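Structure file model-v5.cif; described as mmCIF, C-alpha atoms.
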data_query
#
loop_
_atom_site.label_atom_id
_atom_site.label_comp_id
_atom_site.auth_asym_id
_atom_site.auth_seq_id
_atom_site.Cartn_x
_atom_site.Cartn_y
_atom_site.Cartn_z
CA MET U 28 39.84 1.26 1.16
CA ASP U 29 40.87 -2.42 1.17
CA TYR U 30 37.56 -3.29 2.85
CA TYR U 31 35.95 -2.63 -0.53
CA SER U 32 36.85 -4.81 -3.48
CA SER U 33 39.03 -3.04 -6.07
CA GLN U 34 36.32 -2.12 -8.59
CA ILE U 35 34.22 -0.45 -5.88
CA SER U 36 37.25 1.42 -4.49
CA SER U 37 38.18 2.63 -7.96
CA LEU U 38 34.66 3.89 -8.70
CA ILE U 39 34.40 5.66 -5.31
CA GLU U 40 37.81 7.23 -5.77
CA GLN U 41 36.93 8.58 -9.23
CA LEU U 42 33.52 9.90 -8.16
CA GLY U 43 35.20 11.59 -5.18
CA ARG U 44 37.36 13.64 -7.54
CA LEU U 45 34.30 15.41 -9.00
CA PRO U 46 33.69 18.93 -7.63
CA GLY U 47 31.52 19.09 -4.51
CA ILE U 48 31.48 15.29 -4.08
CA GLY U 49 33.06 14.30 -0.75
CA ALA U 50 34.11 10.81 0.35
CA LYS U 51 30.70 9.96 1.86
CA THR U 52 28.73 11.17 -1.16
CA ALA U 53 31.08 9.26 -3.48
CA GLN U 54 30.32 6.05 -1.54
CA ARG U 55 26.59 6.70 -1.65
CA LEU U 56 26.73 7.41 -5.41
CA ALA U 57 28.82 4.30 -6.12
CA PHE U 58 26.37 1.99 -4.34
CA HIS U 59 23.45 3.77 -5.99
CA ILE U 60 25.02 3.16 -9.41
CA ILE U 61 25.52 -0.54 -8.59
CA CYS U 62 21.80 -0.77 -7.74
CA MET U 63 20.62 1.12 -10.85
CA PRO U 64 19.20 -0.83 -13.85
CA THR U 65 22.03 -1.79 -16.23
CA GLU U 66 20.64 0.18 -19.17
CA GLN U 67 20.44 3.35 -17.06
CA VAL U 68 24.10 3.01 -16.03
CA GLU U 69 25.14 2.39 -19.63
CA HIS U 70 23.06 5.36 -20.81
CA LEU U 71 24.66 7.68 -18.23
CA ALA U 72 28.18 6.43 -19.05
CA GLU U 73 27.54 6.87 -22.77
CA SER U 74 26.11 10.38 -22.24
CA MET U 75 29.26 11.40 -20.37
CA VAL U 76 31.57 10.08 -23.10
CA GLN U 77 29.45 11.58 -25.90
CA ALA U 78 29.16 14.96 -24.15
CA LYS U 79 32.93 15.08 -23.69
CA LYS U 80 33.43 14.12 -27.35
CA ASN U 81 30.85 16.34 -29.03
CA ILE U 82 30.46 19.43 -26.89
CA HIS U 83 32.61 22.41 -27.80
CA TYR U 84 32.41 26.20 -27.95
CA CYS U 85 29.71 27.85 -30.11
CA LYS U 86 31.52 29.52 -33.02
CA VAL U 87 29.68 32.77 -32.33
CA CYS U 88 29.14 33.22 -28.58
CA CYS U 89 31.55 30.61 -27.16
CA THR U 90 28.91 28.88 -24.99
CA TRP U 91 29.05 25.07 -24.73
CA THR U 92 27.07 23.39 -27.51
CA ASP U 93 26.97 20.15 -29.51
CA SER U 94 26.18 21.93 -32.79
CA GLU U 95 28.49 24.30 -34.67
CA ILE U 96 26.43 27.30 -33.56
CA CYS U 97 24.30 27.18 -30.38
CA PRO U 98 20.46 27.26 -30.31
CA ILE U 99 20.40 30.89 -29.11
CA CYS U 100 22.75 32.21 -31.81
CA THR U 101 20.81 30.36 -34.55
CA ASN U 102 17.43 31.65 -33.29
CA VAL U 103 16.31 34.33 -35.80
CA LYS U 104 14.01 35.92 -33.21
CA ARG U 105 16.94 36.98 -31.02
CA ASN U 106 18.36 40.49 -31.35
CA ARG U 107 21.96 39.98 -32.46
CA LYS U 108 22.73 43.65 -31.93
CA MET U 109 22.52 43.28 -28.15
CA ILE U 110 25.24 41.16 -26.51
CA MET U 111 25.22 40.18 -22.83
CA VAL U 112 28.67 39.17 -21.60
CA VAL U 113 28.60 36.43 -18.93
CA GLU U 114 31.31 34.45 -17.16
CA ASN U 115 30.02 30.98 -17.97
CA THR U 116 27.24 28.91 -19.52
CA ARG U 117 25.47 28.47 -16.14
CA ASP U 118 25.11 32.26 -15.88
CA LEU U 119 23.68 32.32 -19.41
CA ALA U 120 21.20 29.64 -18.30
CA ALA U 121 20.23 31.72 -15.24
CA TYR U 122 19.23 34.64 -17.51
CA GLU U 123 17.52 32.36 -20.04
CA LYS U 124 15.33 30.90 -17.29
CA ILE U 125 13.73 34.34 -16.81
CA GLY U 126 12.81 34.30 -20.50
CA LYS U 127 12.77 38.13 -20.75
CA TYR U 128 16.10 38.83 -22.44
CA GLU U 129 15.85 38.89 -26.24
CA GLY U 130 19.44 39.62 -27.16
CA VAL U 131 22.33 37.18 -27.56
CA TYR U 132 25.24 36.30 -25.24
CA HIS U 133 28.98 36.10 -25.11
CA VAL U 134 30.47 33.53 -22.73
CA LEU U 135 33.94 34.41 -21.38
CA HIS U 136 34.58 31.04 -19.65
CA GLY U 137 36.14 32.71 -16.65
CA ALA U 138 37.03 36.09 -15.21
CA ILE U 139 40.30 37.97 -14.90
CA SER U 140 42.02 36.99 -11.64
CA PRO U 141 45.64 37.98 -10.99
CA THR U 142 45.69 35.79 -7.85
CA LEU U 143 44.69 32.69 -9.84
CA GLY U 144 46.94 33.74 -12.74
CA ILE U 145 44.01 34.22 -15.16
CA GLY U 146 44.74 37.10 -17.51
CA PRO U 147 42.71 38.75 -20.31
CA THR U 148 44.09 36.31 -22.90
CA ASP U 149 42.88 33.29 -20.89
CA ILE U 150 39.20 34.14 -21.34
CA LYS U 151 37.18 34.65 -24.54
CA LEU U 152 37.82 38.40 -24.84
CA LYS U 153 39.46 38.34 -28.27
CA GLU U 154 36.37 36.57 -29.61
CA LEU U 155 34.16 39.30 -28.09
CA MET U 156 36.17 42.09 -29.71
CA LEU U 157 35.89 40.34 -33.10
CA ARG U 158 32.10 40.25 -32.73
CA LEU U 159 32.02 43.99 -32.00
CA GLN U 160 33.42 44.73 -35.48
CA GLU U 161 29.98 43.77 -36.79
CA ASP U 162 26.80 45.82 -36.29
CA VAL U 163 26.26 45.88 -32.50
CA ASP U 164 24.05 48.37 -30.60
CA GLU U 165 24.75 47.48 -26.96
CA VAL U 166 27.06 45.41 -24.80
CA ILE U 167 25.65 44.47 -21.36
CA ILE U 168 28.32 43.35 -18.89
CA ALA U 169 26.82 40.66 -16.63
CA THR U 170 29.95 39.27 -14.98
CA ASN U 171 29.57 38.45 -11.27
CA SER U 172 29.84 41.25 -8.72
CA SER U 173 32.87 39.52 -7.19
CA LEU U 174 36.36 41.02 -7.23
CA GLU U 175 37.20 39.03 -10.38
CA GLY U 176 33.88 39.84 -12.06
CA GLU U 177 34.35 43.56 -11.36
CA ALA U 178 37.93 43.55 -12.65
CA THR U 179 36.73 41.82 -15.81
CA ALA U 180 33.89 44.34 -16.23
CA MET U 181 36.37 47.19 -15.87
CA TYR U 182 38.71 45.65 -18.43
CA ILE U 183 35.91 45.07 -20.93
CA SER U 184 34.60 48.62 -20.52
CA LYS U 185 38.07 49.98 -21.35
CA LEU U 186 38.17 47.83 -24.49
CA VAL U 187 34.63 48.63 -25.64
CA LYS U 188 34.40 52.36 -24.91
CA PRO U 189 36.64 53.47 -27.85
CA THR U 190 34.30 51.65 -30.28
CA GLY U 191 31.43 54.00 -29.33
CA ILE U 192 29.05 51.06 -28.75
CA LYS U 193 26.56 51.59 -25.90
CA LEU U 194 27.87 49.87 -22.80
CA SER U 195 25.99 48.89 -19.63
CA ARG U 196 26.49 46.88 -16.44
CA ILE U 197 23.74 44.92 -14.66
CA ALA U 198 22.63 46.61 -11.41
CA SER U 199 24.12 45.72 -8.03
CA GLY U 200 21.98 46.11 -4.93
CA VAL U 201 19.74 44.46 -2.39
CA PRO U 202 18.32 41.14 -3.66
CA VAL U 203 14.52 41.19 -3.99
CA GLY U 204 13.00 39.74 -0.79
CA GLY U 205 16.34 40.21 1.01
CA ASP U 206 16.26 41.42 4.61
CA LEU U 207 18.46 44.54 4.97
CA GLU U 208 19.99 43.50 8.29
CA TYR U 209 21.47 40.34 6.77
CA ILE U 210 23.02 42.00 3.74
CA ASP U 211 26.73 42.81 3.65
CA GLU U 212 28.00 46.39 3.80
CA VAL U 213 29.40 46.55 0.27
CA THR U 214 26.04 45.50 -1.19
CA LEU U 215 24.22 48.05 0.96
CA LEU U 216 26.60 50.79 -0.21
CA ARG U 217 26.06 49.77 -3.85
CA ALA U 218 22.31 49.81 -3.35
CA LEU U 219 22.55 53.35 -1.96
CA GLU U 220 24.88 54.61 -4.70
CA GLY U 221 22.69 53.08 -7.39
CA ARG U 222 19.43 54.46 -5.99
CA ILE U 223 16.74 55.36 -8.50
CA VAL U 224 14.69 58.57 -8.27
CA LEU U 225 10.97 57.74 -8.00
CA MET T 20 16.33 23.42 -20.72
CA ASP T 21 16.20 24.48 -24.39
CA TYR T 22 18.95 27.04 -23.70
CA TYR T 23 21.35 24.10 -23.46
CA SER T 24 21.94 21.92 -26.50
CA SER T 25 20.35 18.47 -26.29
CA GLN T 26 23.43 16.47 -25.22
CA ILE T 27 24.13 18.86 -22.34
CA SER T 28 20.47 18.81 -21.25
CA SER T 29 20.42 15.01 -21.34
CA LEU T 30 23.60 14.69 -19.27
CA ILE T 31 22.38 17.25 -16.69
CA GLU T 32 19.03 15.51 -16.46
CA GLN T 33 20.62 12.10 -15.84
CA LEU T 34 23.12 13.40 -13.28
CA GLY T 35 20.25 15.17 -11.50
CA ARG T 36 18.53 11.82 -10.94
CA LEU T 37 21.41 10.58 -8.73
CA PRO T 38 20.74 10.77 -4.97
CA GLY T 39 21.72 14.06 -3.33
CA ILE T 40 22.48 15.75 -6.67
CA GLY T 41 20.20 18.75 -7.20
CA ALA T 42 19.67 20.71 -10.42
CA LYS T 43 22.53 23.16 -9.71
CA THR T 44 25.04 20.44 -8.79
CA ALA T 45 24.05 18.44 -11.87
CA GLN T 46 24.86 21.48 -14.05
CA ARG T 47 28.19 21.99 -12.31
CA LEU T 48 29.09 18.30 -12.70
CA ALA T 49 28.09 18.24 -16.37
CA PHE T 50 30.31 21.21 -17.24
CA HIS T 51 33.11 19.76 -15.14
CA ILE T 52 32.88 16.49 -17.09
CA ILE T 53 33.01 18.39 -20.39
CA CYS T 54 36.22 20.08 -19.22
CA MET T 55 37.86 16.88 -17.94
CA PRO T 56 40.55 15.13 -20.05
CA THR T 57 38.93 12.62 -22.46
CA GLU T 58 40.68 9.60 -20.97
CA GLN T 59 39.47 10.49 -17.46
CA VAL T 60 35.86 10.71 -18.67
CA GLU T 61 36.18 7.40 -20.51
CA HIS T 62 37.76 5.78 -17.45
CA LEU T 63 34.97 7.00 -15.16
CA ALA T 64 32.28 5.86 -17.61
CA GLU T 65 33.93 2.46 -17.99
CA SER T 66 34.28 2.08 -14.20
CA MET T 67 30.56 2.71 -13.78
CA VAL T 68 29.60 0.15 -16.42
CA GLN T 69 32.09 -2.44 -15.13
CA ALA T 70 31.04 -1.94 -11.48
CA LYS T 71 27.40 -2.41 -12.45
CA LYS T 72 28.30 -5.54 -14.44
CA ASN T 73 30.72 -7.25 -12.04
CA ILE T 74 29.70 -6.26 -8.54
CA HIS T 75 27.31 -8.60 -6.75
CA TYR T 76 26.68 -9.97 -3.26
CA CYS T 77 29.47 -11.87 -1.48
CA LYS T 78 28.34 -15.52 -1.27
CA VAL T 79 29.08 -15.57 2.45
CA CYS T 80 28.30 -12.19 4.02
CA CYS T 81 26.22 -10.56 1.24
CA THR T 82 28.35 -7.38 1.06
CA TRP T 83 29.02 -5.88 -2.39
CA THR T 84 32.11 -7.39 -4.03
CA ASP T 85 33.56 -8.10 -7.47
CA SER T 86 34.93 -11.51 -6.46
CA GLU T 87 32.84 -14.56 -5.51
CA ILE T 88 33.71 -14.08 -1.84
CA CYS T 89 34.70 -10.66 -0.44
CA PRO T 90 38.21 -9.75 0.85
CA ILE T 91 37.03 -9.88 4.50
CA CYS T 92 35.42 -13.33 4.26
CA THR T 93 38.49 -14.76 2.47
CA ASN T 94 40.92 -13.27 5.04
CA VAL T 95 42.11 -16.22 7.18
CA LYS T 96 43.06 -13.86 10.03
CA ARG T 97 39.43 -12.91 10.65
CA ASN T 98 37.44 -14.71 13.33
CA ARG T 99 34.59 -16.39 11.44
CA LYS T 100 32.85 -17.32 14.69
CA MET T 101 31.94 -13.69 15.39
CA ILE T 102 29.42 -12.09 13.01
CA MET T 103 28.52 -8.40 13.09
CA VAL T 104 25.17 -7.72 11.41
CA VAL T 105 25.02 -4.33 9.62
CA GLU T 106 22.41 -2.68 7.43
CA ASN T 107 24.63 -1.95 4.45
CA THR T 108 28.17 -2.02 3.03
CA ARG T 109 28.81 1.61 4.06
CA ASP T 110 28.21 0.65 7.71
CA LEU T 111 30.64 -2.26 7.30
CA ALA T 112 33.19 0.22 5.90
CA ALA T 113 32.65 2.53 8.91
CA TYR T 114 33.62 -0.30 11.30
CA GLU T 115 36.50 -1.45 9.10
CA LYS T 116 37.99 2.06 9.17
CA ILE T 117 38.54 1.69 12.92
CA GLY T 118 40.56 -1.46 12.24
CA LYS T 119 39.80 -2.96 15.66
CA TYR T 120 37.09 -5.50 14.83
CA GLU T 121 38.49 -8.92 13.96
CA GLY T 122 35.31 -10.85 13.28
CA VAL T 123 33.33 -11.04 10.05
CA TYR T 124 30.14 -9.30 8.92
CA HIS T 125 26.69 -9.96 7.58
CA VAL T 126 25.16 -7.25 5.40
CA LEU T 127 21.34 -7.11 5.46
CA HIS T 128 20.95 -4.55 2.63
CA GLY T 129 18.20 -2.72 4.43
CA ALA T 130 16.15 -2.76 7.62
CA ILE T 131 12.61 -3.87 8.40
CA SER T 132 10.23 -0.96 7.82
CA PRO T 133 6.46 -1.55 7.75
CA THR T 134 5.90 2.06 6.56
CA LEU T 135 8.16 1.51 3.53
CA GLY T 136 6.77 -2.00 3.02
CA ILE T 137 10.12 -3.69 3.74
CA GLY T 138 9.54 -6.99 5.53
CA PRO T 139 11.94 -9.62 6.94
CA THR T 140 12.04 -11.48 3.60
CA ASP T 141 13.18 -8.33 1.76
CA ILE T 142 16.52 -8.20 3.57
CA LYS T 143 19.28 -10.83 3.84
CA LEU T 144 17.94 -12.54 7.00
CA LYS T 145 17.50 -16.02 5.52
CA GLU T 146 21.20 -15.93 4.52
CA LEU T 147 22.13 -14.95 8.11
CA MET T 148 20.15 -17.85 9.62
CA LEU T 149 21.87 -20.28 7.23
CA ARG T 150 25.28 -19.06 8.44
CA LEU T 151 24.26 -19.63 12.06
CA GLN T 152 23.90 -23.38 11.39
CA GLU T 153 27.69 -23.47 11.26
CA ASP T 154 29.98 -22.97 14.26
CA VAL T 155 29.29 -19.40 15.46
CA ASP T 156 30.15 -17.99 18.91
CA GLU T 157 28.57 -14.54 18.84
CA VAL T 158 26.23 -12.38 16.77
CA ILE T 159 26.66 -8.61 17.25
CA ILE T 160 23.69 -6.60 16.04
CA ALA T 161 24.96 -3.28 14.65
CA THR T 162 21.88 -2.03 12.83
CA ASN T 163 21.25 1.73 13.15
CA SER T 164 19.56 3.04 16.28
CA SER T 165 16.69 4.36 14.14
CA LEU T 166 13.13 3.01 14.41
CA GLU T 167 13.81 0.60 11.53
CA GLY T 168 17.19 -0.44 12.88
CA GLU T 169 15.71 -1.17 16.31
CA ALA T 170 12.81 -3.16 14.83
CA THR T 171 15.32 -5.19 12.80
CA ALA T 172 17.49 -5.77 15.88
CA MET T 173 14.44 -6.99 17.83
CA TYR T 174 13.44 -9.32 15.00
CA ILE T 175 16.95 -10.79 14.71
CA SER T 176 17.20 -11.30 18.47
CA LYS T 177 13.96 -13.30 18.40
CA LEU T 178 15.34 -15.48 15.60
CA VAL T 179 18.80 -15.99 17.13
CA LYS T 180 17.91 -16.55 20.82
CA PRO T 181 16.52 -20.09 20.35
CA THR T 182 19.85 -21.14 18.79
CA GLY T 183 21.68 -20.43 22.09
CA ILE T 184 24.36 -18.36 20.28
CA LYS T 185 25.64 -15.37 22.31
CA LEU T 186 23.83 -12.25 21.11
CA SER T 187 24.81 -8.60 21.64
CA ARG T 188 23.79 -5.13 20.46
CA ILE T 189 26.24 -2.22 20.01
CA ALA T 190 25.83 0.42 22.74
CA SER T 191 23.61 3.48 22.33
CA GLY T 192 24.54 6.66 24.13
CA VAL T 193 26.21 10.06 23.95
CA PRO T 194 28.67 10.31 21.02
CA VAL T 195 32.26 10.85 22.18
CA GLY T 196 33.01 14.59 22.14
CA GLY T 197 29.27 15.36 21.97
CA ASP T 198 27.97 18.26 24.02
CA LEU T 199 25.13 17.05 26.29
CA GLU T 200 22.95 20.10 25.72
CA TYR T 201 22.73 19.43 21.97
CA ILE T 202 21.86 15.75 22.25
CA ASP T 203 18.26 14.56 21.83
CA GLU T 204 16.24 13.24 24.75
CA VAL T 205 16.00 9.63 23.58
CA THR T 206 19.78 9.39 23.28
CA LEU T 207 20.23 10.94 26.74
CA LEU T 208 17.79 8.43 28.22
CA ARG T 209 19.62 5.55 26.50
CA ALA T 210 22.93 6.83 27.84
CA LEU T 211 21.48 6.89 31.35
CA GLU T 212 19.89 3.42 31.08
CA GLY T 213 23.08 1.97 29.67
CA ARG T 214 25.34 3.55 32.32
CA ILE T 215 28.41 1.54 33.32
CA VAL T 216 29.52 1.14 36.93
CA LEU T 217 33.05 2.50 37.36
#
Rewritten as structure tokens:
Amino acid sequence: MDYYSSQISSLIEQLGRLPGIGAKTAQRLAFHIICMPTEQVEHLAESMVQAKKNIHYCKVCCTWTDSEICPICTNVKRNRKMIMVVENTRDLAAYEKIGKYEGVYHVLHGAISPTLGIGPTDIKLKELMLRLQEDVDEVIIATNSSLEGEATAMYISKLVKPTGIKLSRIASGVPVGGDLEYIDEVTLLRALEGRIVL
Amino acid sequence: MDYYSSQISSLIEQLGRLPGIGAKTAQRLAFHIICMPTEQVEHLAESMVQAKKNIHYCKVCCTWTDSEICPICTNVKRNRKMIMVVENTRDLAAYEKIGKYEGVYHVLHGAISPTLGIGPTDIKLKELMLRLQEDVDEVIIATNSSLEGEATAMYISKLVKPTGIKLSRIASGVPVGGDLEYIDEVTLLRALEGRIVL
């Protein structure tokens, strides 16, 4: 990229290393940043540095937070006896957007994947088991319905069952509004197996 | 976004304001940044601030550069008597990637667009006319073949013609490797009109 001066090349190259940002998008972003008001650029840069510095795992549920314990775990209105296990903070956010779930969460930060070399000790499973020593009524497994998510769900169910705590898995099936002919076979089979008597 | 702590929300919100970055991508980027090594985050942040601070228009061709005059304009091997007029620095980069053009450039930073309220004085046309007072052999108009690009090309040709300098426009037609049946009618018509006798 010697047709760009070095500072532009360097910025484009760094932006291009972010996930989902290709070479063209990195160029577009770099020139957009150059055209942004100085204080906005400084604010964004500072936010990135501060987020990196101050954000860590919640001491209770392991989600990302800038306080010792996250807003959900400190909320007295939430039912701490019901724990939904999710793969990451974005999945937690997806459920929070609905605004119907009143329990708390546990964020694994990954899923078991032998192909990627991610084992049970690489995700926040030990932390989950520690939480279950307290008074818990139900554990809801909400890992993805991918191969890794299913393997993780299976592993968790084996760990939790001996404790006698109620254990559930979110339903798999046809997405609401989904057109049957476009849905894959495995999902259709799950929808059939999980059918509900009316 | 009260399910995220305030620093995460703020970072996601700012990333989401960048062009082409939707809410989901902004979330993904924010969590990626939190997981990046500290020095990489600091380096990226610093690059953004420095680029904003030091990058300005080249005094000759108006492209973005961190030096007074850009690497292309200072290169003695380039033919300064041939000026290719492009809409922005990304278009300049697209031609430089080919490595076949030996002239210099002039970057307009936009195109004339009455609907967007962008007039001839809002782009770097005055700077182009000043350059033409020196010894120039040819001006190649390489604005986009959009409505705005064509209007800009027309406007430039009206300005340049009285000077007697050779004036050309890059060819419009069927992209190489393009399948005729998927190409729009205007392009097909242009390809026909611009046909070359073999």
How close does each residue of chain T get to chain U, giving the shortest atom pair and distance in Å to one decimal for every residue with an atom at most 7 Å away, counting all atoms listed in the file, sorted by chain and residue number, as a tab-separated table?
residue	atom	partner	partner_atom	distance
T:Tyr22	CA	U:Ala120	CA	6.4
T:Ser24	CA	U:Thr92	CA	5.4
T:Gln26	CA	U:Ala78	CA	6.0
T:Ile27	CA	U:Ala78	CA	6.6
T:Leu30	CA	U:Ser74	CA	5.8
T:Gln33	CA	U:Leu71	CA	6.4
T:Pro38	CA	U:Leu56	CA	6.9
T:Leu48	CA	U:Pro46	CA	6.9
T:Ile52	CA	U:Lys79	CA	6.7
T:Ile53	CA	U:Lys79	CA	4.7
T:Thr57	CA	U:Lys79	CA	6.6
T:Val60	CA	U:Val76	CA	6.2
T:Glu61	CA	U:Val76	CA	5.9
T:Leu63	CA	U:Gln41	CA	6.4
T:Ala64	CA	U:Ala72	CA	4.4
T:Ser66	CA	U:Leu38	CA	5.8
T:Met67	CA	U:Leu38	CA	6.6
T:Val68	CA	U:Glu69	CA	5.9
T:Ala70	CA	U:Gln34	CA	6.0
T:Lys71	CA	U:Ile61	CA	4.7
T:Thr84	CA	U:Ser32	CA	5.4
T:Asp85	CA	U:Ser32	CA	6.1
T:Cys89	CA	U:Ser32	CA	6.9
T:Pro90	CA	U:Ser32	CA	6.7
T:Ile91	CA	U:Tyr30	CA	6.8
T:Ala112	CA	U:Tyr30	CA	6.4
T:Glu115	CA	U:Tyr30	CA	6.6
Report as a VMD selection string the residues that result from applying the PyMOL selection byres ((chain U and resi 187) around 12) to the structure here.
chain U and resid 112 152 to 153 155 to 160 163 to 168 180 to 186 188 to 195
Between T:Thr171, T:Asp154, T:Thr93, T:Asn163, single out the one closest to Ile131 of chain T, counting all atoms listed in the file.
T:Thr171
What is the distance between atom CA of Gly126 of chain U and atom CA of Ile150 of chain U, in Å to one decimal?
26.4 Å
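Between atom CA of Gly176 of chain U and atom CA of Gly49 of chain U the interatomic distance comes to 27.9 Å.
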Atom completion result for segment 191-198 of chain T (all heavy atoms) as a PDB file, in the frame of the given file:
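Output saved as selection.pdb:
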ATOM      1  N   SER T 191      24.166   2.169  22.677  1.00  0.00           N
ATOM      2  CA  SER T 191      23.610   3.480  22.330  1.00  0.00           C
ATOM      3  C   SER T 191      24.000   4.442  23.430  1.00  0.00           C
ATOM      4  O   SER T 191      24.070   4.051  24.589  1.00  0.00           O
ATOM      5  CB  SER T 191      22.089   3.401  22.283  1.00  0.00           C
ATOM      6  OG  SER T 191      21.639   3.112  21.011  1.00  0.00           O
ATOM      7  N   GLY T 192      24.222   5.687  23.101  1.00  0.00           N
ATOM      8  CA  GLY T 192      24.540   6.660  24.130  1.00  0.00           C
ATOM      9  C   GLY T 192      25.051   7.946  23.542  1.00  0.00           C
ATOM     10  O   GLY T 192      24.858   8.220  22.353  1.00  0.00           O
ATOM     11  N   VAL T 193      25.704   8.747  24.364  1.00  0.00           N
ATOM     12  CA  VAL T 193      26.210  10.060  23.950  1.00  0.00           C
ATOM     13  C   VAL T 193      27.450   9.852  23.069  1.00  0.00           C
ATOM     14  O   VAL T 193      28.371   9.148  23.469  1.00  0.00           O
ATOM     15  CB  VAL T 193      26.586  10.871  25.203  1.00  0.00           C
ATOM     16  CG1 VAL T 193      27.136  12.228  24.810  1.00  0.00           C
ATOM     17  CG2 VAL T 193      25.382  11.015  26.116  1.00  0.00           C
ATOM     18  N   PRO T 194      27.484  10.445  21.870  1.00  0.00           N
ATOM     19  CA  PRO T 194      28.670  10.310  21.020  1.00  0.00           C
ATOM     20  C   PRO T 194      29.883  10.926  21.721  1.00  0.00           C
ATOM     21  O   PRO T 194      29.735  11.940  22.406  1.00  0.00           O
ATOM     22  CB  PRO T 194      28.335  11.127  19.775  1.00  0.00           C
ATOM     23  CG  PRO T 194      26.890  11.422  19.837  1.00  0.00           C
ATOM     24  CD  PRO T 194      26.478  11.340  21.265  1.00  0.00           C
ATOM     25  N   VAL T 195      31.047  10.331  21.545  1.00  0.00           N
ATOM     26  CA  VAL T 195      32.260  10.850  22.180  1.00  0.00           C
ATOM     27  C   VAL T 195      32.542  12.255  21.641  1.00  0.00           C
ATOM     28  O   VAL T 195      32.542  12.476  20.430  1.00  0.00           O
ATOM     29  CB  VAL T 195      33.457   9.912  21.918  1.00  0.00           C
ATOM     30  CG1 VAL T 195      34.722  10.474  22.553  1.00  0.00           C
ATOM     31  CG2 VAL T 195      33.165   8.524  22.450  1.00  0.00           C
ATOM     32  N   GLY T 196      32.764  13.207  22.548  1.00  0.00           N
ATOM     33  CA  GLY T 196      33.010  14.590  22.140  1.00  0.00           C
ATOM     34  C   GLY T 196      31.711  15.381  21.986  1.00  0.00           C
ATOM     35  O   GLY T 196      31.731  16.568  21.750  1.00  0.00           O
ATOM     36  N   GLY T 197      30.563  14.687  22.131  1.00  0.00           N
ATOM     37  CA  GLY T 197      29.270  15.360  21.970  1.00  0.00           C
ATOM     38  C   GLY T 197      28.964  16.217  23.176  1.00  0.00           C
ATOM     39  O   GLY T 197      29.307  15.863  24.302  1.00  0.00           O
ATOM     40  N   ASP T 198      28.318  17.352  22.948  1.00  0.00           N
ATOM     41  CA  ASP T 198      27.970  18.260  24.020  1.00  0.00           C
ATOM     42  C   ASP T 198      26.557  17.902  24.481  1.00  0.00           C
ATOM     43  O   ASP T 198      25.623  17.910  23.683  1.00  0.00           O
ATOM     44  CB  ASP T 198      28.033  19.696  23.482  1.00  0.00           C
ATOM     45  CG  ASP T 198      28.142  20.714  24.584  1.00  0.00           C
ATOM     46  OD1 ASP T 198      27.709  20.402  25.708  1.00  0.00           O
ATOM     47  OD2 ASP T 198      28.668  21.807  24.326  1.00  0.00           O
TER      48      ASP T 198
END
